[in-house]
file data-v3.cif (mmCIF, C-alpha atoms)
data_start
#
loop_
_atom_site.label_atom_id
_atom_site.label_comp_id
_atom_site.auth_asym_id
_atom_site.auth_seq_id
_atom_site.Cartn_x
_atom_site.Cartn_y
_atom_site.Cartn_z
CA VAL N 1 0.00 0.00 0.00
CA ASP N 2 3.07 2.26 -0.32
CA ALA N 3 3.13 2.98 3.45
CA GLN N 4 5.32 5.81 4.68
CA VAL N 5 5.18 4.74 8.34
CA ILE N 6 5.30 1.10 9.54
CA ILE N 7 4.59 0.16 13.17
CA MET N 8 6.18 -3.14 14.24
CA ASP N 9 4.76 -4.40 17.55
CA GLU N 10 7.01 -7.09 19.10
CA PRO N 11 7.96 -8.48 15.65
CA THR N 12 10.73 -10.72 17.04
CA SER N 13 8.84 -12.26 19.98
CA ALA N 14 8.63 -15.70 18.34
CA LEU N 15 11.76 -15.50 16.16
CA GLY N 16 15.14 -17.16 16.59
CA ASN N 17 18.44 -15.33 16.23
CA ASP N 18 18.85 -16.01 12.50
CA GLU N 19 15.28 -14.93 11.70
CA THR N 20 15.73 -11.77 13.78
CA ARG N 21 18.89 -10.85 11.88
CA PHE N 22 17.02 -11.32 8.61
CA LEU N 23 14.18 -9.09 9.82
CA PHE N 24 16.66 -6.38 10.84
CA GLU N 25 18.14 -6.42 7.34
CA ILE N 26 14.63 -5.78 5.99
CA VAL N 27 14.17 -2.93 8.48
CA ARG N 28 17.47 -1.36 7.45
CA ASN N 29 16.54 -1.59 3.76
CA LEU N 30 13.17 0.05 4.44
CA ARG N 31 14.84 2.83 6.40
CA ALA N 32 17.32 3.40 3.56
CA ARG N 33 14.33 3.89 1.22
CA GLY N 34 13.05 6.70 3.46
CA LEU N 35 10.37 4.86 5.43
CA SER N 36 9.81 5.73 9.10
CA ILE N 37 9.51 2.81 11.51
CA ILE N 38 8.18 2.58 15.06
CA PHE N 39 9.67 -0.55 16.60
CA ILE N 40 8.06 -1.78 19.84
CA THR N 41 10.08 -4.33 21.78
CA HIS N 42 10.84 -5.55 25.29
CA ARG N 43 14.23 -6.89 24.21
CA LEU N 44 16.60 -4.08 25.08
CA GLU N 45 19.48 -5.42 22.98
CA GLU N 46 17.29 -4.95 19.89
CA VAL N 47 16.77 -1.28 20.72
CA PHE N 48 20.48 -0.58 20.48
CA GLU N 49 20.87 -2.55 17.26
CA ILE N 50 17.98 -1.10 15.28
CA ALA N 51 16.80 2.24 16.75
CA ASP N 52 17.94 5.85 16.24
CA ARG N 53 15.90 7.22 19.16
CA ILE N 54 14.26 5.55 22.13
CA VAL N 55 10.97 6.55 23.75
CA VAL N 56 10.37 4.92 27.15
CA LEU N 57 6.82 4.42 28.48
CA ARG N 58 5.75 3.54 32.03
CA ASP N 59 2.15 3.12 33.16
CA GLY N 60 0.80 4.73 29.99
CA GLU N 61 3.02 7.82 30.16
CA ARG N 62 6.18 8.82 28.36
CA VAL N 63 8.94 9.00 30.97
CA GLY N 64 11.90 9.67 28.71
CA THR N 65 13.27 10.09 25.18
CA LEU N 66 16.90 9.19 24.54
CA SER N 67 19.26 9.17 21.61
CA THR N 68 20.53 5.63 21.16
CA ALA N 69 24.08 6.99 21.13
CA ASP N 70 23.57 8.47 24.60
CA ALA N 71 21.53 5.61 26.09
CA THR N 72 22.63 2.65 28.20
CA ILE N 73 20.69 -0.42 29.28
CA ASP N 74 20.89 0.80 32.89
CA LYS N 75 19.38 4.19 31.96
CA ILE N 76 16.52 2.59 30.03
CA ILE N 77 15.69 0.07 32.75
CA ARG N 78 15.77 2.77 35.42
CA LEU N 79 13.24 4.76 33.39
CA MET N 80 11.05 1.69 32.76
CA LEU N 81 11.08 0.49 36.36
CA GLY N 82 11.38 3.75 38.21
CA ARG N 83 14.12 2.05 40.25
CA ASP N 84 17.63 0.65 39.89
CA VAL N 85 18.67 -2.24 37.67
CA GLY N 86 19.78 -4.31 40.67
CA GLU N 87 16.13 -4.98 41.50
CA LEU N 88 15.44 -6.69 38.15
CA PHE N 89 16.39 -10.24 39.21
CA GLN N 90 15.06 -10.85 42.71
CA LYS N 91 16.40 -14.32 43.46
CA GLU N 92 16.58 -15.29 47.11
CA LYS N 93 18.63 -18.08 48.58
CA VAL N 94 16.30 -20.98 49.36
CA GLU N 95 17.06 -24.25 51.11
CA ILE N 96 16.68 -27.00 48.50
CA GLY N 97 14.71 -30.01 49.70
CA GLU N 98 14.14 -33.61 48.62
CA PRO N 99 13.37 -34.59 45.01
CA VAL N 100 9.75 -33.89 44.11
CA LEU N 101 9.89 -34.89 40.42
CA ARG N 102 12.08 -37.44 38.67
CA VAL N 103 12.07 -38.21 34.96
CA GLU N 104 13.88 -41.20 33.42
CA GLY N 105 14.38 -41.90 29.71
CA LEU N 106 11.61 -39.62 28.45
CA THR N 107 11.37 -40.08 24.68
CA ARG N 108 9.14 -38.91 21.84
CA ARG N 109 10.34 -40.07 18.44
CA GLY N 110 11.54 -37.22 16.28
CA SER N 111 11.72 -34.56 19.00
CA VAL N 112 13.02 -35.81 22.40
CA GLU N 113 15.43 -38.65 23.11
CA ASP N 114 16.24 -40.26 26.48
CA VAL N 115 15.79 -37.21 28.76
CA SER N 116 16.42 -37.86 32.48
CA PHE N 117 16.58 -35.37 35.36
CA GLU N 118 15.23 -34.64 38.83
CA LEU N 119 13.69 -31.54 40.38
CA ARG N 120 13.90 -30.79 44.11
CA LYS N 121 11.52 -28.95 46.40
CA GLY N 122 12.29 -25.23 46.43
CA GLU N 123 14.55 -25.48 43.40
CA ILE N 124 14.37 -23.39 40.24
CA LEU N 125 15.69 -25.69 37.50
CA GLY N 126 16.50 -23.78 34.33
CA PHE N 127 16.26 -25.33 30.86
CA ALA N 128 18.43 -23.59 28.24
CA GLY N 129 18.88 -24.28 24.54
CA LEU N 130 18.10 -23.00 21.09
CA VAL N 131 14.57 -22.82 19.66
CA GLY N 132 13.68 -26.38 18.62
CA ALA N 133 16.04 -28.05 21.11
CA GLY N 134 13.17 -30.08 22.62
CA ARG N 135 12.62 -28.17 25.87
CA THR N 136 8.93 -27.39 25.35
CA GLU N 137 8.25 -30.86 23.93
CA THR N 138 9.76 -32.43 27.07
CA MET N 139 7.54 -30.38 29.37
CA ARG N 140 4.41 -31.09 27.35
CA MET N 141 5.05 -34.82 27.82
CA ILE N 142 5.51 -34.40 31.57
CA PHE N 143 2.22 -32.46 31.67
CA GLY N 144 0.40 -35.13 29.64
CA ALA N 145 -0.35 -32.78 26.74
CA ASP N 146 1.72 -34.90 24.32
CA HIS N 147 2.09 -38.68 24.10
CA LYS N 148 5.47 -40.16 25.07
CA ASP N 149 6.95 -43.23 23.41
CA ALA N 150 9.10 -44.20 26.40
CA GLY N 151 10.09 -43.04 29.85
CA GLN N 152 8.91 -42.99 33.45
CA ILE N 153 7.89 -40.18 35.81
CA TRP N 154 8.02 -40.19 39.63
CA LEU N 155 6.40 -37.70 42.01
CA ASP N 156 7.66 -37.71 45.62
CA GLY N 157 9.31 -41.04 44.93
CA GLN N 158 6.17 -42.74 43.60
CA PRO N 159 5.81 -43.76 39.93
CA VAL N 160 2.90 -42.02 38.21
CA VAL N 161 1.16 -42.32 34.86
CA ILE N 162 0.31 -38.92 33.36
CA ASP N 163 -1.70 -39.47 30.21
CA SER N 164 -3.58 -36.15 30.15
CA PRO N 165 -3.29 -32.59 31.48
CA GLU N 166 -6.25 -33.38 33.76
CA LYS N 167 -4.19 -36.12 35.41
CA ALA N 168 -1.20 -33.78 35.78
CA VAL N 169 -3.41 -31.20 37.49
CA GLU N 170 -4.78 -33.85 39.86
CA LEU N 171 -1.20 -34.74 40.81
CA GLY N 172 -0.28 -31.12 41.50
CA ILE N 173 1.59 -30.17 38.33
CA GLY N 174 0.92 -26.82 36.64
CA LEU N 175 2.13 -25.58 33.25
CA VAL N 176 2.51 -21.92 32.30
CA PRO N 177 2.77 -22.36 28.51
CA GLU N 178 5.01 -20.51 26.10
CA ASP N 179 2.00 -19.15 24.20
CA ARG N 180 -0.26 -17.76 26.90
CA ALA N 181 -2.77 -16.25 24.43
CA ASN N 182 -3.60 -19.54 22.68
CA GLN N 183 -2.77 -22.13 25.34
CA GLY N 184 -2.87 -20.41 28.73
CA LEU N 185 -5.98 -18.24 28.61
CA VAL N 186 -9.50 -18.01 27.25
CA LEU N 187 -9.05 -14.44 26.05
CA GLU N 188 -12.69 -13.56 25.50
CA LEU N 189 -13.69 -14.54 29.03
CA THR N 190 -13.19 -12.79 32.35
CA VAL N 191 -10.28 -12.63 34.76
CA LEU N 192 -12.43 -14.53 37.29
CA PHE N 193 -13.28 -17.37 34.88
CA ASN N 194 -9.66 -17.78 33.76
CA MET N 195 -8.38 -17.89 37.33
CA ILE N 196 -10.80 -20.56 38.57
CA LEU N 197 -10.87 -22.71 35.43
CA PRO N 198 -8.53 -25.52 36.66
CA SER N 199 -10.22 -25.53 40.10
CA LEU N 200 -13.81 -25.30 38.85
CA LYS N 201 -14.83 -28.50 40.66
CA ARG N 202 -13.92 -26.88 43.97
CA TYR N 203 -16.48 -24.13 43.38
CA SER N 204 -19.25 -26.31 41.97
CA GLY N 205 -21.69 -28.64 43.68
CA ASN N 206 -25.23 -29.95 43.30
CA GLY N 207 -25.49 -28.24 39.94
CA TYR N 208 -24.60 -24.81 41.38
CA PHE N 209 -21.62 -22.51 40.97
CA LYS N 210 -20.39 -21.13 44.30
CA ARG N 211 -19.83 -17.62 43.06
CA GLN N 212 -18.90 -15.86 46.32
CA PRO N 213 -16.13 -18.30 47.43
CA ALA N 214 -14.73 -18.24 43.87
CA ARG N 215 -14.74 -14.44 43.80
CA ARG N 216 -13.05 -14.24 47.21
CA ALA N 217 -10.29 -16.66 46.18
CA ALA N 218 -9.69 -14.91 42.85
CA SER N 219 -9.71 -11.49 44.52
CA ASP N 220 -7.07 -12.67 47.00
CA PHE N 221 -4.75 -13.66 44.16
CA VAL N 222 -5.39 -10.42 42.28
CA ASP N 223 -4.08 -8.67 45.40
CA LYS N 224 -1.19 -11.09 46.04
CA LEU N 225 0.08 -10.97 42.46
CA ARG N 226 -0.78 -7.29 41.99
CA VAL N 227 -2.82 -7.96 38.86
CA ARG N 228 -3.81 -4.60 37.39
CA THR N 229 -7.42 -5.02 36.31
CA PRO N 230 -10.49 -2.81 36.80
CA SER N 231 -12.46 -5.81 38.10
CA LEU N 232 -12.70 -9.60 38.09
CA GLN N 233 -15.29 -9.23 35.30
CA GLN N 234 -12.79 -7.59 32.94
CA SER N 235 -12.18 -9.59 29.76
CA VAL N 236 -8.64 -10.93 30.06
CA LYS N 237 -7.85 -9.91 26.46
CA ASN N 238 -7.90 -6.28 27.61
CA LEU N 239 -5.06 -6.74 30.12
CA SER N 240 -1.40 -6.09 29.36
CA GLY N 241 0.89 -9.03 28.61
CA GLY N 242 2.38 -8.93 32.10
CA ASN N 243 -1.01 -8.96 33.79
CA GLN N 244 -2.23 -11.76 31.52
CA GLN N 245 0.80 -13.77 32.62
CA LYS N 246 -0.09 -13.15 36.27
CA VAL N 247 -3.60 -14.47 35.61
CA VAL N 248 -2.07 -17.66 34.15
CA LEU N 249 0.10 -18.00 37.25
CA ALA N 250 -2.84 -17.33 39.57
CA LYS N 251 -4.95 -20.13 38.15
CA TRP N 252 -2.22 -22.66 38.99
CA LEU N 253 -1.35 -21.17 42.38
CA MET N 254 -5.00 -21.50 43.42
CA LEU N 255 -4.43 -25.27 43.20
CA ASN N 256 -1.35 -25.25 45.50
CA PRO N 257 0.90 -27.10 43.01
CA ARG N 258 3.87 -29.26 43.94
CA VAL N 259 5.55 -28.66 40.59
CA LEU N 260 5.21 -25.58 38.39
CA ILE N 261 6.56 -25.63 34.83
CA MET N 262 7.13 -22.14 33.41
CA ASP N 263 7.85 -22.00 29.67
CA GLU N 264 9.32 -18.59 28.72
CA PRO N 265 7.65 -16.97 31.77
CA THR N 266 8.66 -13.39 30.87
CA ARG N 267 8.34 -13.47 27.08
CA GLY N 268 6.58 -10.40 25.69
CA ILE N 269 6.22 -8.53 28.98
CA ASP N 270 7.93 -5.33 30.08
CA VAL N 271 10.87 -5.03 32.41
CA GLY N 272 8.74 -4.03 35.40
CA ALA N 273 6.46 -7.05 35.01
CA LYS N 274 9.53 -9.28 34.57
CA ALA N 275 10.88 -8.13 37.92
CA GLU N 276 7.54 -8.95 39.56
CA ILE N 277 7.43 -12.43 37.97
CA HIS N 278 10.99 -13.12 39.09
CA ALA N 279 10.20 -12.05 42.65
CA LEU N 280 7.12 -14.28 42.60
CA MET N 281 9.14 -17.27 41.37
CA SER N 282 11.58 -16.78 44.23
CA GLU N 283 8.69 -16.60 46.72
CA LEU N 284 7.14 -19.80 45.35
CA ALA N 285 10.47 -21.62 45.63
CA LYS N 286 10.68 -20.45 49.27
CA GLN N 287 7.31 -22.17 49.82
CA GLY N 288 8.83 -25.46 48.64
CA ILE N 289 7.35 -25.57 45.13
CA GLY N 290 9.66 -27.13 42.56
CA ILE N 291 9.93 -24.85 39.51
CA ILE N 292 11.10 -25.74 36.02
CA MET N 293 11.87 -22.62 33.97
CA ILE N 294 12.45 -22.67 30.23
CA SER N 295 14.00 -19.43 29.00
CA SER N 296 15.76 -18.25 25.87
CA GLU N 297 17.12 -15.21 27.72
CA MET N 298 20.56 -16.08 29.07
CA PRO N 299 20.63 -13.38 31.81
CA GLU N 300 17.34 -14.77 33.14
CA ILE N 301 18.59 -18.36 33.12
CA LEU N 302 21.83 -17.44 34.87
CA ALA N 303 20.24 -15.16 37.47
CA MET N 304 17.18 -17.23 38.43
CA SER N 305 18.30 -20.88 38.19
CA ASP N 306 19.76 -23.03 40.97
CA ARG N 307 20.81 -25.56 38.32
CA ILE N 308 20.76 -25.36 34.52
CA ILE N 309 20.04 -28.18 32.06
CA VAL N 310 21.14 -27.52 28.49
CA MET N 311 19.29 -29.29 25.66
CA HIS N 312 20.48 -29.74 22.08
CA GLU N 313 18.60 -31.53 19.30
CA GLY N 314 16.24 -33.28 21.72
CA ARG N 315 18.87 -34.48 24.19
CA ILE N 316 20.40 -33.18 27.39
CA SER N 317 23.91 -32.05 26.53
CA ALA N 318 24.96 -30.65 29.92
CA THR N 319 23.82 -30.10 33.51
CA LEU N 320 25.41 -27.12 35.25
CA ASP N 321 25.38 -26.24 38.94
CA GLN N 322 25.38 -22.58 39.93
CA LYS N 323 28.59 -21.59 41.73
#
call {"tool": "encode", "arguments": {"input": "data-v3.cif", "output": "C-alpha cells"}}
result
Amino acid sequence: VDAQVIIMDEPTSALGNDETRFLFEIVRNLRARGLSIIFITHRLEEVFEIADRIVVLRDGERVGTLSTADATIDKIIRLMLGRDVGELFQKEKVEIGEPVLRVEGLTRRGSVEDVSFELRKGEILGFAGLVGAGRTETMRMIFGADHKDAGQIWLDGQPVVIDSPEKAVELGIGLVPEDRANQGLVLELTVLFNMILPSLKRYSGNGYFKRQPARRAASDFVDKLRVRTPSLQQSVKNLSGGNQQKVVLAKWLMLNPRVLIMDEPTRGIDVGAKAEIHALMSELAKQGIGIIMISSEMPEILAMSDRIIVMHEGRISATLDQK
C-alpha cells in the first residue's frame, strides 16, 4: 500500500536469532528507502541494534526520550522500572529439599530422546537451549499434553502415569505455557473465569456454581500478584501481557501445586512485570514448590536458576550447577 510509516509491535517475539537478523536487514533496507519505523520491543538489545531514538513508556506515560548513542541499558531500565537495575532479578537463597519430580528416559520419536533429570523442592531448575532443542516438547510430555513413546515419571518417589493434562493437574503439576494467548488463557472470558478454570470442581456442587467463594479466592490472588485489572469481570484480552501472565500464574497457584513448569515466563512482557514475575518465582520456591523454567534469555537463566540443564537436538547435553 506504499506505506510511509510502519509500526512493528514485538515483531521478534517468536523469532530465533537467524530470523531476527534477517528481519533487521529488511528494516534497514526500508529505512534506507526513506520509510519511518516505530519498533516496539521488550528486548533491550534490539533497541540498540535497530533504533535511532528511544521513547520509554511507564504506566501509559512517556517517561523519557533518549538518543541511542547516549543511552545505556541501565538508563533505560531505570526509566522503565522507576528504580535501579539491581532490582530486576530478585532471586533469594532458598534451602533445596528432597526430590519432588524425577524423569527417566523420556522419549518422543523425532523430538526428544532419552531425557532424564530430577527436580527438588524449592529449586528453580533452568532449561536452556536453542529454539527447537526439545525443551517445550519435554515439558508437554511431563504435563500429559503430548504422548510419550518411552520413559517414566516419579512424584515424591512414587511412579505415576500422566496421560492427560487433567491427570497432571490432579497430581499437583501446573504448566505456564510458552503461548499464553492460545494455550494459557480463554481471552474472550473474564479474569475470574480464567483464574478458577482448573479448580472449577472446587467451586461447583449440586449443579450450582459457588460464586462468592470463587470471587473471594480470585480477589485474593489479584491482590497477592498485583494484577492490574479494573475488576474480576474484565475480559482478560484487555489486560497487558504482564497482567495476563499473572492471571495464568494465579490459576495454577489456586491449586497449591507441587511442581510448576514455566515455559518462557517473561516473554513479551515489560521489564517491570519481569521483575515482579521473578520475585514471585523466588517466593514460590521459598514455599517449597519445585519450579522448572524454560527461558531463551541467558541473563534470566543465569540469574534465576539453581541448576541449569542444556538441551540440544532433543537431548540433554549438559547439567550445570550454579557456583
call {"tool": "residues_around", "arguments": {"input": "data-v3.cif", "residues": "range 277-282 of chain N", "least_positions_apart": "6", "cutoff": "9 Å", "atoms": "only C-alpha atoms", "output": "ChimeraX atom specification"}}
result
/N:88-94,122,124,225,242,245-246,265-266,291,300,304
call {"tool": "closest_residue", "arguments": {"input": "data-v3.cif", "among": "N:Ile153, N:Gln322, N:Arg58, N:Lys201", "to": "Met80 in chain N", "atoms": "all atoms listed in the file"}}
result
N:Arg58
call {"tool": "residues_around", "arguments": {"input": "data-v3.cif", "residues": "Ser13 in chain N", "least_positions_apart": "2", "cutoff": "10 Å", "atoms": "all atoms listed in the file", "output": "MDAnalysis selection string"}}
result
chainID N and resid 9:11 15:16 20 41:43 267:268
call {"tool": "residues_near_point", "arguments": {"input": "data-v3.cif", "point": "(13.0, 4.2, 11.5)", "cutoff": "12 Å", "atoms": "all atoms listed in the file", "output": "compact mmCIF listing (two decimals) with C-alpha atoms, in the coordinates of the input"}}
result
# COMPACT_ATOMS: atom_id res chain seq x y z
CA GLN N 4 5.32 5.81 4.68
CA VAL N 5 5.18 4.74 8.34
CA ILE N 6 5.30 1.10 9.54
CA ILE N 7 4.59 0.16 13.17
CA MET N 8 6.18 -3.14 14.24
CA PHE N 24 16.66 -6.38 10.84
CA ILE N 26 14.63 -5.78 5.99
CA VAL N 27 14.17 -2.93 8.48
CA ARG N 28 17.47 -1.36 7.45
CA ASN N 29 16.54 -1.59 3.76
CA LEU N 30 13.17 0.05 4.44
CA ARG N 31 14.84 2.83 6.40
CA ALA N 32 17.32 3.40 3.56
CA ARG N 33 14.33 3.89 1.22
CA GLY N 34 13.05 6.70 3.46
CA LEU N 35 10.37 4.86 5.43
CA SER N 36 9.81 5.73 9.10
CA ILE N 37 9.51 2.81 11.51
CA ILE N 38 8.18 2.58 15.06
CA PHE N 39 9.67 -0.55 16.60
CA ILE N 40 8.06 -1.78 19.84
CA VAL N 47 16.77 -1.28 20.72
CA GLU N 49 20.87 -2.55 17.26
CA ILE N 50 17.98 -1.10 15.28
CA ALA N 51 16.80 2.24 16.75
CA ASP N 52 17.94 5.85 16.24
CA ARG N 53 15.90 7.22 19.16
CA ILE N 54 14.26 5.55 22.13
call {"tool": "atom_distance", "arguments": {"input": "data-v3.cif", "atom1": "CA of Lys148 in chain N", "atom2": "CA of Asn182 in chain N"}}
result
22.7 Å
call {"tool": "closest_residue", "arguments": {"input": "data-v3.cif", "among": "N:Ser296, N:Asn194, N:Asn256, N:Asn243", "to": "Leu284 in chain N", "atoms": "all atoms listed in the file"}}
result
N:Asn256
call {"tool": "closest_residue", "arguments": {"input": "data-v3.cif", "among": "N:Val112, N:Gly144, N:Ile261, N:Phe221", "to": "Glu178 in chain N", "atoms": "only C-alpha atoms"}}
result
N:Ile261
call {"tool": "atom_distance", "arguments": {"input": "data-v3.cif", "atom1": "CA of Met141 in chain N", "atom2": "CA of Gly172 in chain N"}}
result
15.1 Å
call {"tool": "resolve_selection", "arguments": {"input": "data-v3.cif", "expression": "the PyMOL selection byres ((chain N and resi 175) around 8)", "output": "PyMOL selection string"}}
result
chain N and resi 143+173-174+176-177+252+260-263
call {"tool": "atom_distance", "arguments": {"input": "data-v3.cif", "atom1": "CA of Ala217 in chain N", "atom2": "CA of Ile269 in chain N"}}
result
25.2 Å
call {"tool": "residues_around", "arguments": {"input": "data-v3.cif", "residues": "Val56 in chain N", "least_positions_apart": "6", "cutoff": "7 Å", "atoms": "all atoms listed in the file", "output": "mmCIF file with C-alpha atoms, in the frame of the given file"}}
result
data_model
loop_
_atom_site.group_PDB
_atom_site.id
_atom_site.type_symbol
_atom_site.label_atom_id
_atom_site.label_comp_id
_atom_site.auth_asym_id
_atom_site.auth_seq_id
_atom_site.Cartn_x
_atom_site.Cartn_y
_atom_site.Cartn_z
ATOM 1 C CA ARG N 62 6.180 8.820 28.360
ATOM 2 C CA VAL N 63 8.940 9.000 30.970
ATOM 3 C CA GLY N 64 11.900 9.670 28.710
ATOM 4 C CA THR N 65 13.270 10.090 25.180
ATOM 5 C CA LEU N 79 13.240 4.760 33.390
ATOM 6 C CA MET N 80 11.050 1.690 32.760
#
call {"tool": "resolve_selection", "arguments": {"input": "data-v3.cif", "expression": "the PyMOL selection byres ((chain N and resi 145-147) around 12)", "output": "PDB file with C-alpha atoms, in the frame of the given file"}}
result
ATOM      1  CA  LEU N 106      11.610 -39.620  28.450  1.00  0.00           C
ATOM      2  CA  THR N 107      11.370 -40.080  24.680  1.00  0.00           C
ATOM      3  CA  ARG N 108       9.140 -38.910  21.840  1.00  0.00           C
ATOM      4  CA  ARG N 109      10.340 -40.070  18.440  1.00  0.00           C
ATOM      5  CA  SER N 111      11.720 -34.560  19.000  1.00  0.00           C
ATOM      6  CA  VAL N 112      13.020 -35.810  22.400  1.00  0.00           C
ATOM      7  CA  THR N 136       8.930 -27.390  25.350  1.00  0.00           C
ATOM      8  CA  GLU N 137       8.250 -30.860  23.930  1.00  0.00           C
ATOM      9  CA  THR N 138       9.760 -32.430  27.070  1.00  0.00           C
ATOM     10  CA  MET N 139       7.540 -30.380  29.370  1.00  0.00           C
ATOM     11  CA  ARG N 140       4.410 -31.090  27.350  1.00  0.00           C
ATOM     12  CA  MET N 141       5.050 -34.820  27.820  1.00  0.00           C
ATOM     13  CA  ILE N 142       5.510 -34.400  31.570  1.00  0.00           C
ATOM     14  CA  PHE N 143       2.220 -32.460  31.670  1.00  0.00           C
ATOM     15  CA  GLY N 144       0.400 -35.130  29.640  1.00  0.00           C
ATOM     16  CA  LYS N 148       5.470 -40.160  25.070  1.00  0.00           C
ATOM     17  CA  ASP N 149       6.950 -43.230  23.410  1.00  0.00           C
ATOM     18  CA  ALA N 150       9.100 -44.200  26.400  1.00  0.00           C
ATOM     19  CA  GLY N 151      10.090 -43.040  29.850  1.00  0.00           C
ATOM     20  CA  VAL N 161       1.160 -42.320  34.860  1.00  0.00           C
ATOM     21  CA  ILE N 162       0.310 -38.920  33.360  1.00  0.00           C
ATOM     22  CA  ASP N 163      -1.700 -39.470  30.210  1.00  0.00           C
ATOM     23  CA  SER N 164      -3.580 -36.150  30.150  1.00  0.00           C
ATOM     24  CA  PRO N 165      -3.290 -32.590  31.480  1.00  0.00           C
ATOM     25  CA  GLU N 166      -6.250 -33.380  33.760  1.00  0.00           C
ATOM     26  CA  LYS N 167      -4.190 -36.120  35.410  1.00  0.00           C
ATOM     27  CA  ALA N 168      -1.200 -33.780  35.780  1.00  0.00           C
ATOM     28  CA  VAL N 169      -3.410 -31.200  37.490  1.00  0.00           C
ATOM     29  CA  GLY N 174       0.920 -26.820  36.640  1.00  0.00           C
ATOM     30  CA  LEU N 175       2.130 -25.580  33.250  1.00  0.00           C
ATOM     31  CA  PRO N 177       2.770 -22.360  28.510  1.00  0.00           C
ATOM     32  CA  GLN N 183      -2.770 -22.130  25.340  1.00  0.00           C
TER      33      GLN N 183
END
call {"tool": "resolve_selection", "arguments": {"input": "data-v3.cif", "expression": "the PyMOL selection byres ((chain N and resi 227) around 12)", "output": "ChimeraX atom specification"}}
result
/N:191-192,195,218-226,228-232,234,236,239-250,273,276-277
